[in-house]
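Chemist: work29.txt is reproduced in full below (compact mmCIF, C-alpha atoms and all ligand atoms).
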```
# COMPACT_ATOMS: atom_id res chain seq x y z
CA MET A 18 0.00 0.00 0.00
CA SER A 19 1.33 3.46 -0.76
CA SER A 20 1.85 5.62 2.28
CA ARG A 21 0.83 8.69 0.29
CA GLY A 22 3.32 11.32 1.13
CA VAL A 23 3.62 10.41 4.79
CA ARG A 24 7.12 11.21 6.03
CA HIS A 25 8.47 9.11 8.82
CA ASP A 26 10.89 9.95 11.51
CA SER A 27 12.61 6.75 10.51
CA MET A 28 14.17 5.72 13.84
CA ARG A 29 10.98 6.37 15.79
CA ALA A 30 8.89 4.67 13.11
CA ARG A 31 11.14 1.63 13.27
CA ASN A 32 10.94 1.47 17.07
CA LEU A 33 7.14 1.78 17.01
CA ALA A 34 7.07 -1.18 14.63
CA VAL A 35 9.42 -3.21 16.86
CA VAL A 36 7.25 -2.67 19.95
CA LEU A 37 3.99 -3.38 18.12
CA ALA A 38 5.43 -6.50 16.47
CA THR A 39 6.48 -7.81 19.89
CA ILE A 40 2.95 -7.36 21.28
CA HIS A 41 1.43 -8.82 18.10
CA ARG A 42 3.70 -11.85 18.13
CA SER A 43 3.71 -12.75 21.80
CA GLY A 44 0.64 -11.17 23.37
CA PRO A 45 0.19 -8.63 26.18
CA HIS A 46 3.30 -7.23 27.86
CA THR A 47 4.03 -4.67 30.53
CA ARG A 48 6.20 -1.72 29.50
CA ALA A 49 9.08 -3.19 31.54
CA GLU A 50 8.80 -6.51 29.69
CA LEU A 51 8.72 -4.69 26.36
CA ALA A 52 11.90 -2.82 27.28
CA GLU A 53 13.57 -6.09 28.20
CA ARG A 54 12.46 -7.85 25.03
CA THR A 55 13.29 -5.05 22.60
CA GLY A 56 16.48 -3.74 24.20
CA LEU A 57 15.02 -0.21 24.25
CA THR A 58 15.06 1.91 27.41
CA LYS A 59 11.96 2.00 29.60
CA THR A 60 11.56 5.72 28.94
CA THR A 61 11.64 5.13 25.19
CA VAL A 62 9.18 2.24 25.46
CA SER A 63 6.78 4.32 27.55
CA SER A 64 6.83 7.09 24.99
CA LEU A 65 6.36 4.64 22.09
CA VAL A 66 3.47 2.93 23.89
CA ALA A 67 1.84 6.33 24.43
CA ASP A 68 2.02 6.91 20.66
CA LEU A 69 0.62 3.45 19.91
CA ILE A 70 -2.27 4.08 22.32
CA GLU A 71 -2.94 7.41 20.61
CA ALA A 72 -2.94 5.66 17.22
CA GLY A 73 -5.53 3.23 18.59
CA VAL A 74 -3.49 0.11 17.88
CA VAL A 75 -2.83 -0.93 21.48
CA SER A 76 -4.61 -0.39 24.77
CA GLU A 77 -3.95 -0.99 28.42
CA SER A 78 -5.77 -4.23 28.98
CA GLY A 79 -6.16 -3.62 32.71
CA ALA A 80 -4.57 -6.97 33.49
CA VAL A 81 -2.00 -6.37 36.18
CA GLN A 82 1.07 -8.50 35.72
CA LYS A 83 4.00 -8.97 38.00
CA GLY A 84 6.76 -6.70 36.81
CA GLU A 85 10.44 -6.97 37.63
CA ARG A 86 11.39 -6.98 41.31
CA GLY A 87 7.78 -7.75 42.13
CA ARG A 88 6.43 -4.38 41.04
CA PRO A 89 3.06 -4.64 39.35
CA GLY A 90 2.66 -3.39 35.77
CA VAL A 91 -0.27 -2.84 33.48
CA ALA A 92 -0.23 -5.06 30.40
CA VAL A 93 -0.44 -3.45 26.98
CA SER A 94 -2.21 -5.48 24.31
CA LEU A 95 -3.31 -5.19 20.68
CA SER A 96 -6.58 -3.27 20.47
CA GLY A 97 -9.50 -4.31 18.28
CA ARG A 98 -11.58 -1.33 19.33
CA ARG A 99 -10.56 1.32 16.84
CA VAL A 100 -8.40 0.53 13.83
CA ALA A 101 -9.88 -1.70 11.12
CA ALA A 102 -9.33 -2.72 7.50
CA LEU A 103 -11.68 -3.21 4.57
CA GLY A 104 -11.45 -6.37 2.42
CA LEU A 105 -13.21 -6.47 -0.95
CA GLU A 106 -13.63 -9.24 -3.49
CA ILE A 107 -14.90 -9.50 -7.06
CA ASN A 108 -15.82 -13.14 -7.59
CA ILE A 109 -17.40 -14.50 -10.77
CA ASP A 110 -20.77 -14.85 -9.10
CA TYR A 111 -20.73 -12.43 -6.19
CA LEU A 112 -19.22 -9.28 -4.72
CA ALA A 113 -18.03 -9.43 -1.12
CA ALA A 114 -16.82 -7.03 1.54
CA CYS A 115 -15.66 -7.42 5.12
CA VAL A 116 -14.31 -5.25 7.90
CA VAL A 117 -11.69 -6.81 10.15
CA ASP A 118 -10.23 -5.19 13.26
CA LEU A 119 -6.59 -5.19 14.29
CA THR A 120 -6.97 -8.39 16.31
CA ARG A 121 -8.23 -10.05 13.08
CA THR A 122 -11.76 -10.35 14.38
CA VAL A 123 -14.29 -10.11 11.54
CA ARG A 124 -16.61 -7.24 12.50
CA LEU A 125 -18.80 -7.01 9.38
CA ARG A 126 -19.30 -9.23 6.35
CA ARG A 127 -21.49 -8.67 3.27
CA THR A 128 -22.02 -10.69 0.09
CA ARG A 129 -24.01 -9.55 -2.98
CA PRO A 130 -24.80 -12.35 -5.45
CA ALA A 131 -24.12 -11.18 -9.01
CA ASP A 132 -23.40 -12.64 -12.43
CA ASN A 133 -20.09 -11.03 -13.29
CA ARG A 134 -19.22 -13.17 -16.33
CA ASN A 135 -18.36 -11.14 -19.42
CA SER A 136 -19.38 -8.06 -17.52
CA ASP A 137 -18.82 -4.33 -17.97
CA PRO A 138 -15.97 -3.46 -15.58
CA ALA A 139 -17.30 0.06 -14.89
CA ALA A 140 -20.69 -1.26 -13.75
CA ILE A 141 -19.21 -3.94 -11.49
CA LEU A 142 -16.68 -1.53 -9.97
CA ASP A 143 -19.49 0.97 -9.33
CA GLY A 144 -21.49 -1.73 -7.54
CA LEU A 145 -18.47 -2.61 -5.43
CA ARG A 146 -17.85 1.06 -4.64
CA VAL A 147 -21.41 1.33 -3.24
CA LEU A 148 -20.93 -1.84 -1.17
CA ALA A 149 -17.58 -0.53 0.14
CA LYS A 150 -19.13 2.80 1.13
CA GLU A 151 -22.03 1.16 2.93
CA ILE A 152 -19.94 -1.26 4.97
CA THR A 153 -17.34 1.43 5.80
CA ALA A 154 -20.09 3.78 7.02
CA GLU A 155 -21.55 1.00 9.15
CA ALA A 156 -18.12 0.21 10.65
CA GLU A 157 -17.49 3.87 11.40
CA ALA A 158 -20.92 4.25 12.99
CA GLY A 159 -19.80 1.44 15.30
CA GLY A 160 -16.71 3.39 16.37
CA LEU A 161 -14.13 1.79 14.06
CA ARG A 162 -11.69 3.77 11.94
CA VAL A 163 -11.19 2.00 8.60
CA ILE A 164 -7.69 2.91 7.48
CA GLY A 165 -7.08 0.95 4.28
CA ALA A 166 -8.61 -1.41 1.76
CA ALA A 167 -7.53 -4.24 -0.51
CA LEU A 168 -9.40 -5.93 -3.34
CA ALA A 169 -9.16 -9.58 -4.39
CA VAL A 170 -9.75 -10.20 -8.11
CA PRO A 171 -9.93 -13.46 -10.09
CA GLY A 172 -7.11 -12.62 -12.47
CA THR A 173 -3.54 -11.45 -12.92
CA VAL A 174 -2.60 -8.09 -11.49
CA GLU A 175 0.17 -5.61 -12.28
CA GLY A 176 0.16 -2.58 -10.01
CA GLU A 177 -3.35 -1.13 -10.24
CA VAL A 178 -4.12 -2.85 -13.53
CA LEU A 179 -6.06 -6.09 -13.75
CA ARG A 180 -4.24 -7.58 -16.74
CA SER A 181 -6.40 -10.58 -17.44
CA ALA A 182 -9.47 -12.07 -15.79
CA PRO A 183 -10.78 -14.54 -18.39
CA HIS A 184 -13.88 -15.52 -16.43
CA LEU A 185 -14.95 -11.90 -16.02
CA GLY A 186 -14.02 -11.24 -19.65
CA TRP A 187 -11.81 -8.34 -18.52
CA ARG A 188 -8.43 -7.38 -20.01
CA ASP A 189 -6.16 -4.50 -18.99
CA VAL A 190 -8.69 -2.87 -16.69
CA ARG A 191 -7.27 -0.04 -14.58
CA VAL A 192 -8.98 -0.39 -11.20
CA PRO A 193 -9.52 3.05 -9.62
CA ASP A 194 -9.33 3.57 -5.86
CA LEU A 195 -12.81 2.45 -4.85
CA VAL A 196 -12.64 4.15 -1.48
CA ASP A 197 -10.96 7.28 -0.24
CA LEU A 198 -8.33 5.23 1.57
CA PRO A 199 -4.99 3.62 0.73
CA PHE A 200 -6.07 0.94 -1.71
CA GLU A 201 -4.48 -2.00 -3.50
CA ILE A 202 -5.50 -5.00 -5.57
CA ASP A 203 -4.16 -8.54 -5.74
CA ASN A 204 -4.93 -11.94 -7.20
CA GLU A 205 -7.63 -13.86 -5.30
CA ALA A 206 -5.66 -17.11 -4.89
CA ASN A 207 -2.72 -15.23 -3.36
CA LEU A 208 -5.01 -13.38 -0.96
CA ALA A 209 -6.97 -16.56 -0.19
CA ALA A 210 -3.72 -18.30 0.76
CA LEU A 211 -2.93 -15.40 3.09
CA GLY A 212 -6.51 -15.49 4.42
CA GLU A 213 -5.98 -19.14 5.28
CA LEU A 214 -2.66 -18.28 6.94
CA TRP A 215 -4.13 -15.52 9.13
CA PHE A 216 -7.70 -16.69 9.70
CA GLY A 217 -7.71 -20.45 9.01
CA SER A 218 -5.08 -23.16 9.50
CA ARG A 219 -2.47 -20.65 10.69
CA GLU A 220 0.39 -22.95 9.66
CA SER A 221 3.33 -21.03 8.22
CA ASP A 222 4.08 -23.33 5.24
CA PHE A 223 1.49 -24.88 2.94
CA LEU A 224 0.09 -25.07 -0.56
CA TYR A 225 -3.38 -23.55 -0.64
CA VAL A 226 -5.71 -24.67 -3.43
CA SER A 227 -8.53 -22.29 -4.25
CA GLY A 228 -11.41 -24.15 -5.91
CA GLU A 229 -13.60 -21.61 -7.69
CA ILE A 230 -14.78 -21.23 -11.28
CA GLY A 231 -11.05 -20.96 -11.91
CA ILE A 232 -8.63 -22.97 -9.78
CA GLY A 233 -5.74 -21.10 -8.25
CA ALA A 234 -3.04 -22.06 -5.80
CA GLY A 235 -0.99 -20.03 -3.37
CA LEU A 236 2.27 -21.32 -1.97
CA VAL A 237 2.87 -19.96 1.52
CA VAL A 238 6.50 -20.22 2.62
CA ASP A 239 7.55 -18.99 6.02
CA GLY A 240 4.35 -16.93 6.36
CA ALA A 241 4.57 -15.21 2.95
CA VAL A 242 3.10 -15.98 -0.46
CA PHE A 243 5.47 -16.98 -3.24
CA ARG A 244 4.39 -14.94 -6.27
CA GLY A 245 6.81 -15.88 -9.03
CA THR A 246 8.62 -13.49 -11.37
CA TYR A 247 5.45 -11.99 -12.86
CA GLY A 248 3.04 -12.70 -10.00
CA LEU A 249 1.59 -15.60 -11.98
CA ALA A 250 2.74 -18.47 -9.76
CA GLY A 251 -0.01 -20.85 -8.75
CA GLU A 252 -2.14 -21.08 -11.92
CA LEU A 253 -2.96 -24.65 -10.91
CA GLY A 254 -6.18 -24.67 -12.96
CA HIS A 255 -4.15 -24.71 -16.15
CA VAL A 256 -1.83 -27.53 -15.16
CA VAL A 257 -2.43 -30.20 -17.81
CA VAL A 258 -4.09 -33.34 -16.50
CA VAL A 259 -4.76 -34.97 -19.90
CA PRO A 260 -2.62 -33.67 -22.81
CA ASP A 261 -5.28 -34.26 -25.47
CA GLY A 262 -8.29 -33.69 -23.22
CA PRO A 263 -11.14 -31.26 -23.83
CA ALA A 264 -10.41 -27.65 -24.80
CA CYS A 265 -9.91 -25.19 -21.96
CA ARG A 266 -10.70 -21.49 -22.15
CA CYS A 267 -6.97 -20.68 -21.73
CA GLY A 268 -6.36 -22.04 -25.23
CA GLY A 269 -4.83 -25.29 -23.97
CA ARG A 270 -6.39 -28.74 -23.64
CA GLY A 271 -7.09 -31.08 -20.74
CA CYS A 272 -6.38 -28.51 -18.00
CA LEU A 273 -7.38 -29.28 -14.40
CA GLU A 274 -10.08 -26.59 -14.57
CA VAL A 275 -11.95 -28.57 -17.24
CA TYR A 276 -12.24 -31.48 -14.79
CA ALA A 277 -12.44 -29.87 -11.37
CA GLY A 278 -13.58 -26.26 -11.85
CA GLN A 279 -16.85 -25.08 -10.31
CA ASP A 280 -18.66 -25.08 -13.68
CA THR A 281 -17.87 -28.75 -14.22
CA LEU A 282 -18.83 -29.73 -10.68
CA LEU A 283 -22.12 -27.84 -10.78
CA GLY A 284 -22.70 -29.10 -14.31
CA ALA A 285 -23.51 -32.43 -12.65
CA LEU A 286 -26.69 -30.90 -11.26
CA GLY A 287 -28.16 -30.15 -14.65
CA SER A 288 -26.80 -33.06 -16.58
CA ALA A 289 -27.98 -36.22 -14.80
CA GLY A 290 -28.17 -38.94 -17.41
CA SER A 291 -26.51 -36.81 -20.09
CA ALA A 292 -22.97 -36.50 -18.85
CA GLY A 293 -21.50 -39.40 -20.68
CA SER A 294 -20.18 -42.69 -19.62
CA GLY A 295 -20.67 -42.70 -15.88
CA GLY A 296 -17.04 -42.93 -14.98
CA SER A 297 -15.96 -45.57 -17.50
CA ALA A 298 -12.76 -43.65 -18.07
CA ASP A 299 -10.76 -44.05 -21.23
CA ALA A 300 -7.16 -43.19 -21.94
CA ALA A 301 -7.86 -39.92 -23.73
CA ASP A 302 -10.24 -38.61 -21.12
CA PRO A 303 -9.66 -40.53 -17.90
CA ALA A 304 -11.48 -38.00 -15.77
CA GLY A 305 -14.53 -38.22 -18.04
CA ALA A 306 -15.14 -34.50 -18.09
CA ALA A 307 -16.27 -34.11 -21.67
CA GLY A 308 -19.81 -32.79 -21.73
CA LEU A 309 -19.78 -31.63 -18.12
CA VAL A 310 -19.50 -27.95 -18.85
CA GLY A 311 -21.97 -25.24 -17.98
CA SER A 312 -22.75 -24.13 -14.48
CA THR A 313 -26.22 -24.67 -13.07
CA GLY A 314 -27.39 -24.60 -9.48
CA SER A 315 -25.35 -23.88 -6.41
CA VAL A 316 -22.68 -25.57 -4.35
CA GLY A 317 -25.32 -26.04 -1.63
CA GLU A 318 -27.49 -28.00 -4.05
CA LEU A 319 -24.52 -30.13 -5.06
CA VAL A 320 -23.76 -30.92 -1.41
CA ALA A 321 -27.43 -31.88 -0.88
CA ARG A 322 -27.25 -34.21 -3.90
CA LEU A 323 -24.03 -35.75 -2.65
CA GLU A 324 -25.51 -36.30 0.79
CA ALA A 325 -28.47 -38.02 -0.84
CA GLY A 326 -26.04 -40.28 -2.73
CA ASP A 327 -26.98 -38.99 -6.20
CA PRO A 328 -24.77 -41.16 -8.45
CA GLU A 329 -24.05 -38.45 -11.07
CA ALA A 330 -23.02 -35.96 -8.39
CA VAL A 331 -20.81 -38.55 -6.69
CA ARG A 332 -19.18 -39.57 -9.99
CA THR A 333 -18.48 -35.94 -10.94
CA CYS A 334 -16.86 -35.29 -7.58
CA GLU A 335 -14.76 -38.44 -7.85
CA ARG A 336 -13.55 -37.45 -11.33
CA ALA A 337 -12.70 -33.97 -10.04
CA GLY A 338 -10.85 -35.52 -7.09
CA HIS A 339 -8.83 -37.83 -9.36
CA ALA A 340 -7.90 -34.94 -11.65
CA LEU A 341 -6.94 -32.84 -8.64
CA GLY A 342 -4.77 -35.72 -7.38
CA VAL A 343 -2.94 -35.81 -10.74
CA ALA A 344 -2.37 -32.04 -10.86
CA LEU A 345 -1.31 -31.89 -7.22
CA THR A 346 1.19 -34.71 -7.77
CA SER A 347 3.01 -32.42 -10.24
CA ALA A 348 2.76 -29.54 -7.76
CA VAL A 349 4.25 -31.71 -5.00
CA HIS A 350 7.14 -32.81 -7.23
CA LEU A 351 7.89 -29.18 -8.06
CA LEU A 352 7.34 -27.54 -4.68
CA ASP A 353 7.57 -30.22 -1.97
CA PRO A 354 4.91 -28.78 0.38
CA GLY A 355 4.34 -30.54 3.70
CA LEU A 356 0.67 -29.58 3.81
CA ILE A 357 -2.01 -29.05 1.15
CA VAL A 358 -5.11 -27.04 2.12
CA LEU A 359 -8.23 -27.42 -0.04
CA GLY A 360 -10.29 -24.22 -0.01
CA GLY A 361 -13.00 -22.31 -1.87
CA ILE A 362 -15.80 -24.64 -2.99
CA TYR A 363 -13.52 -27.60 -2.23
CA ALA A 364 -14.15 -26.89 1.48
CA PRO A 365 -17.86 -27.90 1.46
CA LEU A 366 -17.04 -30.73 -1.00
CA TYR A 367 -14.04 -31.97 1.00
CA ARG A 368 -15.81 -35.10 2.30
CA TRP A 369 -16.20 -36.36 -1.25
CA LEU A 370 -12.91 -35.09 -2.68
CA GLU A 371 -10.56 -36.20 0.09
CA GLY A 372 -10.60 -39.92 -0.81
CA PRO A 373 -9.79 -39.65 -4.54
CA VAL A 374 -7.26 -36.82 -4.02
CA SER A 375 -5.39 -38.68 -1.24
CA GLU A 376 -5.49 -41.91 -3.21
CA GLY A 377 -4.05 -40.20 -6.29
CA LEU A 378 -1.30 -38.50 -4.33
CA GLY A 379 -0.48 -41.62 -2.31
CA ALA A 380 -0.28 -43.92 -5.34
CA ARG A 381 1.86 -41.56 -7.42
CA LEU A 382 4.18 -40.33 -4.70
CA ALA A 383 4.76 -43.59 -2.83
CA GLN A 384 8.00 -44.47 -4.66
CA MET A 385 9.53 -41.04 -4.28
CA ARG A 386 8.70 -40.19 -0.68
CA GLY A 387 7.62 -42.05 2.42
CA THR A 388 4.53 -40.03 3.18
CA PRO A 389 2.63 -37.74 0.85
CA PRO A 390 1.88 -34.24 2.15
CA ALA A 391 -0.98 -34.00 4.62
CA LEU A 392 -4.29 -32.94 3.07
CA VAL A 393 -6.66 -30.73 5.11
CA VAL A 394 -9.80 -28.74 4.54
CA SER A 395 -9.59 -24.94 4.65
CA GLY A 396 -10.74 -23.25 7.83
CA THR A 397 -11.98 -20.23 5.89
CA GLY A 398 -13.74 -21.80 2.87
CA PRO A 399 -15.15 -19.30 0.37
CA ASP A 400 -14.32 -16.34 2.67
CA ALA A 401 -10.56 -16.83 2.38
CA ALA A 402 -9.87 -14.22 -0.33
CA VAL A 403 -11.90 -11.35 1.14
CA LEU A 404 -10.45 -12.07 4.60
CA GLY A 405 -6.96 -12.22 3.12
CA ALA A 406 -7.54 -8.83 1.49
CA ALA A 407 -8.46 -7.23 4.83
CA GLY A 408 -5.69 -9.20 6.56
CA SER A 409 -3.06 -7.83 4.18
CA VAL A 410 -4.02 -4.29 5.20
CA ILE A 411 -3.83 -5.27 8.89
CA GLN A 412 -0.41 -6.79 8.24
CA ARG A 413 0.84 -3.48 6.79
CA ILE A 414 -0.40 -1.48 9.77
CA ILE A 415 1.37 -3.83 12.14
CA ALA A 416 4.55 -3.57 10.08
CA ASP A 417 4.39 0.24 10.03
CA PRO A 418 2.11 1.76 12.70
CA ALA A 419 3.79 5.16 12.24
CA GLN A 420 1.64 5.70 9.14
CA LEU A 421 -1.33 6.19 11.49
CA LEU A 422 0.47 8.94 13.39
CA GLY A 423 1.61 10.86 10.33
CA LEU A 424 5.23 10.63 11.47
ZN ZN B 1 -6.47 -24.09 -19.27
```
As structure tokens - that is how I would like this structure written.
Modeler:
Amino acid sequence: MSSRGVRHDSMRARNLAVVLATIHRSGPHTRAELAERTGLTKTTVSSLVADLIEAGVVSESGAVQKGERGRPGVAVSLSGRRVAALGLEINIDYLAACVVDLTRTVRLRRTRPADNRNSDPAAILDGLRVLAKEITAEAEAGGLRVIGAALAVPGTVEGEVLRSAPHLGWRDVRVPDLVDLPFEIDNEANLAALGELWFGSRESDFLYVSGEIGIGAGLVVDGAVFRGTYGLAGELGHVVVVPDGPACRCGGRGCLEVYAGQDTLLGALGSAGSAGSGGSADAADPAGAAGLVGSTGSVGELVARLEAGDPEAVRTCERAGHALGVALTSAVHLLDPGLIVLGGIYAPLYRWLEGPVSEGLGARLAQMRGTPPALVVSGTGPDAAVLGAAGSVIQRIIADPAQLLGL
């Protein structure tokens, strides 16, 4: 996020960040403990804490802890009462917004169903601007100060330009600041991976798989997302599962998305009896996805069908799981993650996907490694990207609280 002309007293700004990071990382501390942990003098720490209280990022929690030489001290902790961040998301079939406070508690959450395929960017961005204004006003009426916003988009991003979002039908769209706040945009799979890191599994290393209409992946290493040279790392949906399989909208053939994307999975709802061979896989199309294109119904309906044991729904999920197992085997060989998190629509479908995915990974990786990576369901599900967007703003405040003080 740009700090927009804010000039920092660099030493003081750095010390504010050190003190806040200590509280963020290891919980409430007295001023004496903070001095001990940071190596700063008690006078300096007291003055820094006063600034952080003024900025609204910490508060005296009232808990009296035993200080050094038995003297009591008041603990200072991260405050969720004032500073907050706005997360926004343009999905293919909805717009979403959330407000998250500094303790990463979700304070407000709104979703507007919409059909954003092949849409007019200006109209969608206007709709999102209205949603952002409404939720910000509501947060501020509740006493929060929203200090920044980030937007998750289903496409590749360069600066403030959305280069390509094939499912939206957008190319080279310059996204204006939707709110009168520091504002940034990022790819939804990257932000979803960070959302999972901060709000879900909270492990520091994993491969996050975002099952949506497109399928993205975010590799989290040591608590940060690996983006690749051009920010395009993690286009798992276009990893080839079957070289001469059905055409994919990326121009290639037999991509994972054709077999395990949301359109194919929901296609099972409208295609009972017409979706081909009922799993009798052949060499050219082992996942049997041909004919399963075209989204109808909702993920909720699909789950209901699966729970009722609908054979077409079960077969479609199994095919998707097998294809996912094949694509993830390549990802594991390339990246060697210890943990794979299935998110997005794969979270509600996890019960039916887990078996075929694990089987595929286990069978293909057994010779190369003792145990395949652990497979878990996302703790954030479809909310991961919008939470990750707000979380990335929170992360920047914690890294540089001086921006709130205009230092
Ligand atoms: Zn493709």
Chemist: Please, what distance in Å, to one decimal, runs between CA of His339 in chain A and CA of Thr281 in chain A?
Modeler: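 Straight-line distance from CA of His339 in chain A to CA of Thr281 in chain A works out to 13.7 Å.
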Chemist: Restrict the calculation to all atoms listed in the file, then for each residue of chain A with any atom at most 7 Å from an atom of ligand ZN 1 (chain B) give the closest atom pair and their distance in Å to one decimal, rows by chain and rising residue number, as a tab-separated table.
Modeler:
```
residue	atom	partner	partner_atom	distance
A:Gly254	CA	B:ZN1	ZN	6.3
A:His255	CA	B:ZN1	ZN	3.9
A:Cys265	CA	B:ZN1	ZN	4.5
A:Arg266	CA	B:ZN1	ZN	5.7
A:Cys267	CA	B:ZN1	ZN	4.2
A:Gly268	CA	B:ZN1	ZN	6.3
A:Gly269	CA	B:ZN1	ZN	5.1
A:Arg270	CA	B:ZN1	ZN	6.4
A:Cys272	CA	B:ZN1	ZN	4.6
A:Glu274	CA	B:ZN1	ZN	6.4
```
Chemist: Given only C-alpha atoms as the basis, pick out the residue of A:Glu329, A:Glu376, A:Glu177, A:Glu324 nearest to Leu341 in chain A.
Modeler: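 With only C-alpha atoms as the atom set, the closest residue is A:Glu376.
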Chemist: Taking into account only C-alpha atoms, which residue in the set A:Gly360, A:Gly398, A:Gly176, A:Gly144 is nearest to Tyr247 in chain A?
Modeler: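 Checking each of A:Gly360, A:Gly398, A:Gly176, A:Gly144 against Tyr247 in chain A, counting only C-alpha atoms, the winner is A:Gly176.
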Chemist: For Gly159 in chain A, please output as an mmCIF file with C-alpha atoms, keeping the file's coordinate frame all residues within 10 Å (counting all atoms listed in the file; exclusion window: fewer than 4 positions along the same chain).
Modeler:
```cif
data_model
loop_
_atom_site.group_PDB
_atom_site.id
_atom_site.type_symbol
_atom_site.label_atom_id
_atom_site.label_comp_id
_atom_site.auth_asym_id
_atom_site.auth_seq_id
_atom_site.Cartn_x
_atom_site.Cartn_y
_atom_site.Cartn_z
ATOM 1 C CA ARG A 98 -11.580 -1.330 19.330
ATOM 2 C CA ARG A 99 -10.560 1.320 16.840
ATOM 3 C CA ARG A 124 -16.610 -7.240 12.500
ATOM 4 C CA THR A 153 -17.340 1.430 5.800
ATOM 5 C CA ALA A 154 -20.090 3.780 7.020
ATOM 6 C CA GLU A 155 -21.550 1.000 9.150
#
```
Chemist: Mind pulling up the distance from CA of Glu371 in chain A to CA of Ile109 in chain A?
Modeler: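 According to the coordinates, CA of Ile109 in chain A and CA of Glu371 in chain A are separated by 25.2 Å.
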Chemist: Enter the distance from CA of Ile414 in chain A to CA of Thr60 in chain A, in Å, rounded to one decimal.
Modeler: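 The value is 23.7 Å.
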Chemist: Axis-aligned box over every listed atom of range 196-211 of chain A, padded by 8 Å per side: centre and edges in Å to one decimal, as AutoDock Vina command-line options?
Modeler:
```
--center_x -7.7 --center_y -5.5 --center_z -2.1 --size_x 25.9 --size_y 41.6 --size_z 26.3
```
Chemist: Which neighbours of Gly228 in chain A fall inside 8 Å, counting all atoms listed in the file, when residues of the same chain fewer than 6 positions from it are skipped, and could you give them as a compact mmCIF listing (two decimals) with C-alpha atoms, in the frame of the given file?
Modeler:
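What follows is the written file part_17.txt:
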```
# COMPACT_ATOMS: atom_id res chain seq x y z
CA ALA A 277 -12.44 -29.87 -11.37
CA GLY A 278 -13.58 -26.26 -11.85
CA GLN A 279 -16.85 -25.08 -10.31
CA LEU A 359 -8.23 -27.42 -0.04
CA GLY A 360 -10.29 -24.22 -0.01
CA GLY A 361 -13.00 -22.31 -1.87
CA ILE A 362 -15.80 -24.64 -2.99
CA TYR A 363 -13.52 -27.60 -2.23
```
Chemist: Which of these residues is nearest to Leu404 in chain A, using all atoms listed in the file: A:Thr122, A:Thr346, A:Thr333, A:Ser227?
Modeler: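 Checking each of A:Thr122, A:Thr346, A:Thr333, A:Ser227 against Leu404 in chain A, counting all atoms listed in the file, the winner is A:Thr122.
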Chemist: Just want the 7 Å neighbourhood of Ser221 in chain A, counted on only C-alpha atoms, with same-chain residues fewer than 5 positions away dropped. Output as a CSV table (one decimal) with C-alpha atoms, in the frame of the given file.
Modeler:
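Saved as part-v7.csv:
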```csv
chain,number,residue,atom,x,y,z
A,214,LEU,CA,-2.7,-18.3,6.9
A,237,VAL,CA,2.9,-20.0,1.5
A,238,VAL,CA,6.5,-20.2,2.6
A,239,ASP,CA,7.6,-19.0,6.0
A,240,GLY,CA,4.4,-16.9,6.4
```
Chemist: Leaving out range 317-322 of chain A and any residue of its chain fewer than 3 positions from it, which residues lie within 10 Å of it when counting only C-alpha atoms, given as a PyMOL selection string?
Modeler: chain A and resi 282-286+313-314+325-331+334+362+365-366+368-369
Chemist: Save out the residues we just selected, C-alpha atoms, as a compact mmCIF listing (two decimals), in the frame of the given file.
Modeler:
```txt
# COMPACT_ATOMS: atom_id res chain seq x y z
CA LEU A 282 -18.83 -29.73 -10.68
CA LEU A 283 -22.12 -27.84 -10.78
CA GLY A 284 -22.70 -29.10 -14.31
CA ALA A 285 -23.51 -32.43 -12.65
CA LEU A 286 -26.69 -30.90 -11.26
CA THR A 313 -26.22 -24.67 -13.07
CA GLY A 314 -27.39 -24.60 -9.48
CA ALA A 325 -28.47 -38.02 -0.84
CA GLY A 326 -26.04 -40.28 -2.73
CA ASP A 327 -26.98 -38.99 -6.20
CA PRO A 328 -24.77 -41.16 -8.45
CA GLU A 329 -24.05 -38.45 -11.07
CA ALA A 330 -23.02 -35.96 -8.39
CA VAL A 331 -20.81 -38.55 -6.69
CA CYS A 334 -16.86 -35.29 -7.58
CA ILE A 362 -15.80 -24.64 -2.99
CA PRO A 365 -17.86 -27.90 1.46
CA LEU A 366 -17.04 -30.73 -1.00
CA ARG A 368 -15.81 -35.10 2.30
CA TRP A 369 -16.20 -36.36 -1.25
```
Chemist: Fewer than 6 positions away in the same chain doesn't count, so skip those; otherwise give me all residues within 10 Å of Ile40 in chain A, counting all atoms listed in the file, as a PyMOL selection string.
Modeler: chain A and resi 34+46-47+51+75+92-95+415
Chemist: Using all atoms listed in the file for the distances, tell me which of A:Glu229, A:Glu71, A:Glu50, A:Glu335 is nearest to Tyr111 in chain A.
Modeler: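 Among the listed residues, A:Glu229 lies closest to Tyr111 in chain A.
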Chemist: Which residue is closest to Leu370 in chain A? Choose from A:Gly387, A:Gly338, A:Gly396, A:Gly262 and count only C-alpha atoms.
Modeler: A:Gly338
Chemist: Ranking A:Val316, A:Val36, A:Leu356, A:Met28 by minimum distance to Ala416 in chain A and counting only C-alpha atoms, which one comes first?
Modeler: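 Closest candidate: A:Val36.
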